[in-house]
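Structure file input26.txt (compact mmCIF, C-alpha atoms and all ligand atoms) is printed below.
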```txt
# COMPACT_ATOMS: atom_id res chain seq x y z
CA MET A 6 -20.59 16.09 5.14
CA ALA A 7 -20.31 18.43 8.08
CA ASP A 8 -20.66 15.70 10.69
CA PHE A 9 -18.12 13.28 9.17
CA PRO A 10 -14.86 13.76 11.05
CA PHE A 11 -12.37 13.57 8.16
CA ASP A 12 -12.16 15.51 4.90
CA ILE A 13 -9.43 13.42 3.29
CA VAL A 14 -8.77 9.68 3.45
CA LEU A 15 -5.39 8.44 2.17
CA PHE A 16 -5.06 4.77 1.26
CA ASP A 17 -2.08 2.52 0.89
CA LEU A 18 -2.55 0.13 -2.05
CA ASP A 19 -0.97 -3.34 -1.65
CA GLY A 20 -2.48 -5.11 1.34
CA THR A 21 -4.86 -2.24 2.04
CA LEU A 22 -7.10 -1.54 -0.96
CA VAL A 23 -6.17 -4.67 -2.88
CA ASP A 24 -5.05 -8.23 -2.18
CA SER A 25 -2.20 -8.28 -4.68
CA ALA A 26 0.10 -10.90 -3.14
CA ARG A 27 -1.19 -13.58 -5.49
CA ASP A 28 0.30 -11.62 -8.40
CA LEU A 29 3.34 -10.20 -6.58
CA ALA A 30 4.46 -13.61 -5.28
CA PRO A 31 4.81 -15.24 -8.74
CA ALA A 32 6.76 -12.17 -9.93
CA VAL A 33 9.17 -12.57 -7.00
CA ASN A 34 9.55 -16.27 -7.76
CA HIS A 35 10.15 -15.51 -11.45
CA ALA A 36 13.10 -13.30 -10.45
CA LEU A 37 14.37 -15.84 -7.91
CA THR A 38 14.31 -18.58 -10.55
CA ILE A 39 16.37 -16.43 -12.93
CA ALA A 40 18.83 -15.92 -10.08
CA GLY A 41 19.05 -19.70 -9.63
CA ARG A 42 17.33 -19.55 -6.27
CA ARG A 43 14.47 -21.61 -4.89
CA ALA A 44 10.97 -20.15 -4.97
CA VAL A 45 9.52 -18.84 -1.71
CA PRO A 46 5.95 -19.39 -0.50
CA GLU A 47 3.41 -16.59 -0.89
CA SER A 48 3.12 -16.40 2.90
CA MET A 49 6.76 -15.33 3.04
CA THR A 50 6.48 -12.81 0.19
CA ARG A 51 3.59 -11.15 2.02
CA THR A 52 6.04 -10.13 4.77
CA PHE A 53 8.37 -8.57 2.13
CA ILE A 54 5.73 -6.19 0.68
CA GLY A 55 5.42 -2.57 1.72
CA GLY A 56 8.67 -0.87 0.78
CA GLY A 57 8.42 -1.18 -2.99
CA ALA A 58 9.56 -3.82 -5.49
CA LYS A 59 13.29 -3.43 -4.90
CA LEU A 60 13.06 -3.98 -1.17
CA MET A 61 10.69 -6.92 -1.74
CA LEU A 62 13.24 -8.53 -4.08
CA GLN A 63 16.15 -7.75 -1.78
CA ARG A 64 14.39 -9.46 1.10
CA ALA A 65 13.56 -12.48 -1.07
CA LEU A 66 17.20 -12.78 -2.15
CA GLU A 67 18.43 -12.44 1.42
CA ALA A 68 16.03 -15.21 2.45
CA THR A 69 17.30 -17.58 -0.24
CA GLY A 70 21.07 -17.27 -0.09
CA GLY A 71 21.98 -13.61 0.11
CA MET A 72 22.03 -10.37 -1.84
CA VAL A 73 23.56 -10.24 -5.33
CA GLU A 74 25.79 -7.58 -6.88
CA ASP A 75 24.29 -4.32 -8.16
CA ALA A 76 24.15 -5.12 -11.89
CA GLU A 77 22.47 -8.48 -11.33
CA PHE A 78 20.07 -6.88 -8.87
CA ALA A 79 19.07 -4.22 -11.41
CA SER A 80 18.44 -6.86 -14.05
CA LEU A 81 16.46 -9.07 -11.64
CA THR A 82 14.36 -6.07 -10.58
CA GLU A 83 13.53 -5.44 -14.23
CA SER A 84 12.56 -9.10 -14.73
CA LEU A 85 10.36 -9.00 -11.65
CA LEU A 86 8.59 -5.82 -12.76
CA ASP A 87 8.12 -7.04 -16.35
CA HIS A 88 6.51 -10.23 -15.07
CA TYR A 89 4.41 -8.33 -12.56
CA VAL A 90 3.07 -5.75 -15.02
CA GLU A 91 2.16 -8.52 -17.45
CA HIS A 92 0.12 -10.28 -14.75
CA ILE A 93 -0.87 -7.24 -12.72
CA ALA A 94 -4.56 -8.06 -12.37
CA ASP A 95 -4.61 -11.82 -13.01
CA ASN A 96 -5.58 -12.64 -9.43
CA THR A 97 -5.59 -9.28 -7.65
CA VAL A 98 -8.91 -8.15 -6.22
CA PRO A 99 -10.07 -5.36 -3.94
CA TYR A 100 -10.60 -6.53 -0.36
CA PRO A 101 -14.19 -7.43 0.57
CA GLY A 102 -16.27 -4.32 1.12
CA CYS A 103 -13.51 -2.01 -0.09
CA VAL A 104 -15.23 -0.57 -3.16
CA ALA A 105 -18.49 -0.06 -1.26
CA ALA A 106 -16.59 1.71 1.53
CA LEU A 107 -14.90 4.04 -0.98
CA GLY A 108 -18.29 5.00 -2.39
CA GLN A 109 -19.70 5.54 1.08
CA LEU A 110 -16.81 7.78 2.11
CA ARG A 111 -17.21 9.87 -1.02
CA ARG A 112 -20.94 10.26 -0.42
CA GLN A 113 -20.05 11.51 3.05
CA GLY A 114 -17.98 14.23 1.45
CA CYS A 115 -14.49 12.74 1.80
CA THR A 116 -11.86 13.21 -0.87
CA LEU A 117 -9.76 10.09 -1.41
CA ALA A 118 -6.15 9.54 -2.51
CA VAL A 119 -3.69 6.67 -2.89
CA CYS A 120 -0.22 6.84 -1.31
CA THR A 121 1.68 3.68 -2.27
CA ASN A 122 5.32 2.62 -2.40
CA LYS A 123 4.47 0.69 -5.58
CA ALA A 124 5.74 2.40 -8.74
CA GLU A 125 3.20 5.01 -9.84
CA ASP A 126 2.73 3.56 -13.31
CA ALA A 127 2.01 0.07 -11.95
CA ALA A 128 -0.38 1.49 -9.36
CA ARG A 129 -2.29 3.45 -12.02
CA ARG A 130 -2.49 0.42 -14.29
CA LEU A 131 -3.76 -1.80 -11.50
CA LEU A 132 -6.46 0.62 -10.34
CA ALA A 133 -7.58 1.16 -13.93
CA ARG A 134 -7.79 -2.60 -14.53
CA LEU A 135 -9.86 -3.02 -11.36
CA GLU A 136 -12.05 -0.03 -12.31
CA MET A 137 -11.23 1.69 -9.03
CA ALA A 138 -9.29 4.70 -10.33
CA ASP A 139 -12.22 7.11 -10.45
CA HIS A 140 -12.57 7.13 -6.68
CA PHE A 141 -9.25 8.88 -6.21
CA THR A 142 -8.42 12.55 -6.63
CA ALA A 143 -4.66 11.95 -6.33
CA LEU A 144 -2.23 9.04 -6.59
CA TYR A 145 1.40 9.01 -5.49
CA GLY A 146 3.71 6.08 -6.10
CA GLY A 147 7.03 5.24 -4.49
CA ASP A 148 8.86 6.83 -7.43
CA THR A 149 6.63 9.89 -7.94
CA LEU A 150 8.62 12.21 -5.71
CA GLY A 151 11.82 10.12 -5.80
CA ARG A 152 12.46 6.89 -3.88
CA GLU A 153 14.19 8.70 -1.03
CA ARG A 154 10.89 10.47 -0.33
CA SER A 155 8.72 7.33 -0.34
CA LYS A 156 6.97 6.10 2.83
CA PRO A 157 7.85 6.22 5.73
CA GLN A 158 8.77 9.76 4.67
CA PRO A 159 5.67 11.97 4.92
CA ASP A 160 6.16 13.77 1.59
CA MET A 161 3.61 11.93 -0.54
CA LEU A 162 1.02 12.23 2.22
CA HIS A 163 1.53 15.99 2.40
CA ALA A 164 1.36 16.28 -1.39
CA ALA A 165 -1.83 14.21 -1.62
CA ILE A 166 -3.49 16.19 1.16
CA SER A 167 -2.68 19.38 -0.71
CA ASP A 168 -4.04 17.92 -4.00
CA CYS A 169 -7.24 17.00 -2.15
CA GLY A 170 -7.77 20.61 -1.11
CA ASP A 171 -6.33 20.42 2.43
CA GLY A 172 -8.29 19.50 5.53
CA ARG A 173 -8.35 16.90 8.25
CA ALA A 174 -6.75 13.73 6.92
CA VAL A 175 -6.30 10.12 7.99
CA MET A 176 -4.13 7.31 6.55
CA ILE A 177 -5.29 3.72 6.05
CA GLY A 178 -2.47 1.17 5.72
CA ASP A 179 -1.05 -2.23 6.55
CA SER A 180 2.68 -1.90 7.20
CA THR A 181 5.24 -0.03 9.29
CA PHE A 182 5.87 2.14 6.21
CA ASP A 183 2.31 3.46 6.44
CA VAL A 184 2.30 3.93 10.19
CA GLY A 185 5.67 5.67 10.00
CA ALA A 186 4.56 7.97 7.17
CA ALA A 187 1.37 8.91 9.01
CA ARG A 188 3.30 9.61 12.21
CA ASN A 189 5.82 11.71 10.28
CA ALA A 190 2.96 13.60 8.62
CA GLY A 191 1.21 14.09 11.97
CA ILE A 192 -2.04 12.38 10.98
CA PRO A 193 -3.85 9.39 12.53
CA VAL A 194 -3.57 5.94 10.99
CA VAL A 195 -5.95 2.99 10.71
CA THR A 196 -4.28 -0.40 10.17
CA CYS A 197 -5.76 -3.40 8.35
CA ARG A 198 -5.45 -6.81 9.98
CA PHE A 199 -6.12 -8.43 6.60
CA GLY A 200 -3.09 -6.82 4.91
CA TYR A 201 0.62 -7.60 4.66
CA HIS A 202 2.59 -7.06 7.81
CA ASP A 203 6.34 -6.60 7.90
CA VAL A 204 6.23 -6.95 11.70
CA PRO A 205 3.88 -9.04 13.90
CA VAL A 206 0.47 -7.40 13.61
CA ALA A 207 0.37 -6.48 17.32
CA GLU A 208 3.52 -4.38 16.81
CA LEU A 209 2.13 -2.28 13.96
CA ASP A 210 1.14 0.37 16.46
CA GLY A 211 -1.45 2.31 14.49
CA ASP A 212 -4.29 4.18 16.19
CA ILE A 213 -7.03 1.65 15.48
CA MET A 214 -7.24 -1.64 13.56
CA ILE A 215 -9.99 -2.92 11.28
CA ASP A 216 -10.72 -6.51 10.29
CA HIS A 217 -13.03 -5.64 7.39
CA TYR A 218 -13.97 -2.56 5.37
CA ASP A 219 -17.43 -2.61 6.94
CA GLU A 220 -15.71 -1.33 10.09
CA LEU A 221 -13.91 1.63 8.50
CA ALA A 222 -16.53 4.38 8.84
CA GLN A 223 -17.11 3.50 12.50
CA ALA A 224 -13.34 3.32 13.14
CA LEU A 225 -12.97 6.86 11.81
CA GLN A 226 -15.77 8.05 14.11
CA THR A 227 -14.08 6.28 17.02
CA LEU A 228 -10.76 7.98 16.29
CA ASP A 229 -12.52 11.32 16.28
CA GLN A 230 -14.34 10.64 19.55
CA ALA A 231 -11.05 9.58 21.14
CA GLY A 232 -9.62 12.93 20.09
CA ILE A 233 -6.89 11.33 17.98
O1 LIG A 301 4.86 -2.43 -3.58
C1 LIG A 301 5.08 -2.46 -2.34
O2 LIG A 301 5.99 -3.12 -1.80
C2 LIG A 301 4.25 -1.64 -1.43
O3 LIG A 301 3.09 -1.09 -1.92
P1 LIG A 301 2.12 -0.38 -0.84
O4 LIG A 301 2.86 0.86 -0.38
O5 LIG A 301 0.90 -0.08 -1.67
O6 LIG A 301 1.86 -1.36 0.25
MG MG A 302 0.76 -2.00 1.92
```

This structure in structure tokens:
Amino acid sequence: MADFPFDIVLFDLDGTLVDSARDLAPAVNHALTIAGRRAVPESMTRTFIGGGAKLMLQRALEATGGMVEDAEFASLTESLLDHYVEHIADNTVPYPGCVAALGQLRRQGCTLAVCTNKAEDAARRLLARLEMADHFTALYGGDTLGRERSKPQPDMLHAAISDCGDGRAVMIGDSTFDVGAARNAGIPVVTCRFGYHDVPVAELDGDIMIDHYDELAQALQTLDQAGI
């Protein structure tokens, strides 16, 4: 424990711990169909993920003809979430090596938490269905502290660090929301090349990037040695 550089590891969920686009994309297309729009390919939906369901839907609507009025948007958001929750773990899986890496970090003395812009209830359901929940001491969703305090605001990172007993923390994520939140919280950030990127991957601008969970422990050591 003493020689591992971080006490607390905070994880984003969609595109970081789990490959959930195969269940998010059909939920987006369900809502688009209700709105009379064409469906969009999963590859496009992947670029809309990261800011929560509402932003994902807004981007999908903008890409298929434009935003709708508030009441219709609220109803479409509800349809999207109903569909998503019903199919939450149909095709979603943890990324290769993820579960093993979580176990390894815990054996090294790290305390783990999830900081996601997904709604807290959906995040808890998903992690329970995938039998991953027990790894995490804390979980914050995009609505836990209020949407205005979701990532890239640092609030949920600060709260999770406190719940984990305070200490040296690092964020693992896949989008500008994660990098921004980590910067705003003043902690380093590892980005995942395999996740969902709302900007070209080269522009994510984290401190170090991993291609596979097998590289995570070494990446954390490298960050430490670089004095980041
Ligand atoms: O639901 C989303 O859009 C984002 O979720 P994430 O913060 O876990 O990537
Ligand atoms: Mg993400």

Sorted by chain and rising residue number, list the residues of chain A at most 10 Å from ligand LIG 301 (chain A) (counting only C-alpha atoms and all ligand atoms), each with its closest atom pair and distance in Å to one decimal, as a tab-separated table.
```
residue	atom	partner	partner_atom	distance
A:Phe16	CA	A:LIG301	O5	8.2
A:Asp17	CA	A:LIG301	O5	4.7
A:Leu18	CA	A:LIG301	O5	3.5
A:Asp19	CA	A:LIG301	O5	3.8
A:Gly20	CA	A:LIG301	O6	5.8
A:Thr21	CA	A:LIG301	O6	7.0
A:Leu22	CA	A:LIG301	O5	8.2
A:Val23	CA	A:LIG301	O5	8.5
A:Ser25	CA	A:LIG301	O1	9.2
A:Ala26	CA	A:LIG301	O1	9.7
A:Leu29	CA	A:LIG301	O1	8.5
A:Thr50	CA	A:LIG301	O2	9.9
A:Arg51	CA	A:LIG301	O2	9.2
A:Thr52	CA	A:LIG301	O2	9.6
A:Phe53	CA	A:LIG301	O2	7.1
A:Ile54	CA	A:LIG301	O2	4.0
A:Gly55	CA	A:LIG301	C2	3.5
A:Gly56	CA	A:LIG301	O2	4.3
A:Gly57	CA	A:LIG301	O2	3.3
A:Ala58	CA	A:LIG301	O2	5.2
A:Lys59	CA	A:LIG301	O2	7.9
A:Leu60	CA	A:LIG301	O2	7.1
A:Met61	CA	A:LIG301	O2	6.0
A:Leu62	CA	A:LIG301	O2	9.3
A:Val119	CA	A:LIG301	O5	8.3
A:Cys120	CA	A:LIG301	O4	6.8
A:Thr121	CA	A:LIG301	O4	3.6
A:Asn122	CA	A:LIG301	O4	3.6
A:Lys123	CA	A:LIG301	O1	3.7
A:Ala124	CA	A:LIG301	O1	7.1
A:Glu125	CA	A:LIG301	O1	9.9
A:Ala127	CA	A:LIG301	O1	9.2
A:Ala128	CA	A:LIG301	O5	8.0
A:Tyr145	CA	A:LIG301	O4	9.7
A:Gly146	CA	A:LIG301	O4	7.8
A:Gly147	CA	A:LIG301	O4	7.3
A:Ser155	CA	A:LIG301	O4	8.7
A:Lys156	CA	A:LIG301	O4	7.4
A:Pro157	CA	A:LIG301	O4	9.5
A:Gly178	CA	A:LIG301	O6	7.4
A:Asp179	CA	A:LIG301	O6	7.0
A:Ser180	CA	A:LIG301	O6	7.0
A:Thr181	CA	A:LIG301	O6	9.7
A:Phe182	CA	A:LIG301	O4	7.4
A:Asp183	CA	A:LIG301	O4	7.3
A:Gly200	CA	A:LIG301	O6	8.7
A:Tyr201	CA	A:LIG301	O6	7.7
A:His202	CA	A:LIG301	O6	9.5
```

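Closest approach to Asp148 of chain A among A:Met161, A:Val204, A:Ala222, A:Leu86 is made by A:Met161 (distances from only C-alpha atoms).
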
If I put a ball of radius 12 Å at (-14.3, 5.6, 1.7) in the file's coordinates, which residues poke into it when counting all atoms listed in the file, written as an mmCIF file with C-alpha atoms, in the coordinates of the input?
```
data_model
loop_
_atom_site.group_PDB
_atom_site.id
_atom_site.type_symbol
_atom_site.label_atom_id
_atom_site.label_comp_id
_atom_site.auth_asym_id
_atom_site.auth_seq_id
_atom_site.Cartn_x
_atom_site.Cartn_y
_atom_site.Cartn_z
ATOM 1 C CA PHE A 9 -18.120 13.280 9.170
ATOM 2 C CA PHE A 11 -12.370 13.570 8.160
ATOM 3 C CA ASP A 12 -12.160 15.510 4.900
ATOM 4 C CA ILE A 13 -9.430 13.420 3.290
ATOM 5 C CA VAL A 14 -8.770 9.680 3.450
ATOM 6 C CA LEU A 15 -5.390 8.440 2.170
ATOM 7 C CA PHE A 16 -5.060 4.770 1.260
ATOM 8 C CA LEU A 22 -7.100 -1.540 -0.960
ATOM 9 C CA GLY A 102 -16.270 -4.320 1.120
ATOM 10 C CA CYS A 103 -13.510 -2.010 -0.090
ATOM 11 C CA VAL A 104 -15.230 -0.570 -3.160
ATOM 12 C CA ALA A 105 -18.490 -0.060 -1.260
ATOM 13 C CA ALA A 106 -16.590 1.710 1.530
ATOM 14 C CA LEU A 107 -14.900 4.040 -0.980
ATOM 15 C CA GLY A 108 -18.290 5.000 -2.390
ATOM 16 C CA GLN A 109 -19.700 5.540 1.080
ATOM 17 C CA LEU A 110 -16.810 7.780 2.110
ATOM 18 C CA ARG A 111 -17.210 9.870 -1.020
ATOM 19 C CA ARG A 112 -20.940 10.260 -0.420
ATOM 20 C CA GLN A 113 -20.050 11.510 3.050
ATOM 21 C CA GLY A 114 -17.980 14.230 1.450
ATOM 22 C CA CYS A 115 -14.490 12.740 1.800
ATOM 23 C CA THR A 116 -11.860 13.210 -0.870
ATOM 24 C CA LEU A 117 -9.760 10.090 -1.410
ATOM 25 C CA ALA A 118 -6.150 9.540 -2.510
ATOM 26 C CA VAL A 119 -3.690 6.670 -2.890
ATOM 27 C CA MET A 137 -11.230 1.690 -9.030
ATOM 28 C CA HIS A 140 -12.570 7.130 -6.680
ATOM 29 C CA PHE A 141 -9.250 8.880 -6.210
ATOM 30 C CA VAL A 175 -6.300 10.120 7.990
ATOM 31 C CA MET A 176 -4.130 7.310 6.550
ATOM 32 C CA ILE A 177 -5.290 3.720 6.050
ATOM 33 C CA TYR A 218 -13.970 -2.560 5.370
ATOM 34 C CA ASP A 219 -17.430 -2.610 6.940
ATOM 35 C CA GLU A 220 -15.710 -1.330 10.090
ATOM 36 C CA LEU A 221 -13.910 1.630 8.500
ATOM 37 C CA ALA A 222 -16.530 4.380 8.840
ATOM 38 C CA GLN A 223 -17.110 3.500 12.500
ATOM 39 C CA ALA A 224 -13.340 3.320 13.140
ATOM 40 C CA LEU A 225 -12.970 6.860 11.810
#
```

Practice prompt. Give me the residues within 12 Å of Arg134 of chain A as a list in words, counting only C-alpha atoms and dropping any in the same chain fewer than 6 places off.
Written response: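 Skipping anything fewer than 6 positions along the chain leaves Val23, Val90, Glu91, His92, Ile93, Ala94, Asp95, Asn96, Thr97, Val98, Pro99, Ala127 and Ala128 of chain A.
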
Fill in: atom CA of Ala32 of chain A to atom CA of Leu85 of chain A, straight-line distance in Å
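These two atoms are separated by 5.1 Å.
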
Practice prompt. Name the residues within 9 Å of (1.3, 14.2, 4.2), counting only C-alpha atoms in the file's coordinates, and put them as a list of chain:residue names.
Written response: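 All residues meeting the 9 Å criterion around (1.3, 14.2, 4.2) are A:Gln158, A:Pro159, A:Asp160, A:Met161, A:Leu162, A:His163, A:Ala164, A:Ala165, A:Ile166, A:Ser167, A:Ala174, A:Ala186, A:Ala187, A:Asn189, A:Ala190, A:Gly191, A:Ile192.
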
Item to complete: Pick out the closest residue to Met72 of chain A from this set: A:Met214, A:Ala40, A:Ala30, A:Leu132. Count all atoms listed in the file.
Response: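 Of A:Met214, A:Ala40, A:Ala30, A:Leu132, the one nearest Met72 of chain A, counting all atoms listed in the file, is A:Ala40.
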
Practice prompt. Give the answer as one residue: which of A:Ile39, A:Ile215, A:Cys197, A:Ala65 has the shortest atom-to-atom distance to ligand MG 302 (chain A), using all atoms listed in the file?
Written response: A:Cys197

Response to the item:
Atom pair atom CA of Pro193 of chain A + atom CA of Ile213 of chain A, distance 8.9 Å

Segment 69-84 of chain A, all listed atoms, 3 Å padding on each side: what axis-aligned box centre and edge lengths in Å to one decimal come out, as lines of an AutoDock Vina configuration file?
```
center_x = 19.2
center_y = -10.9
center_z = -7.3
size_x = 19.2
size_y = 19.4
size_z = 20.8
```
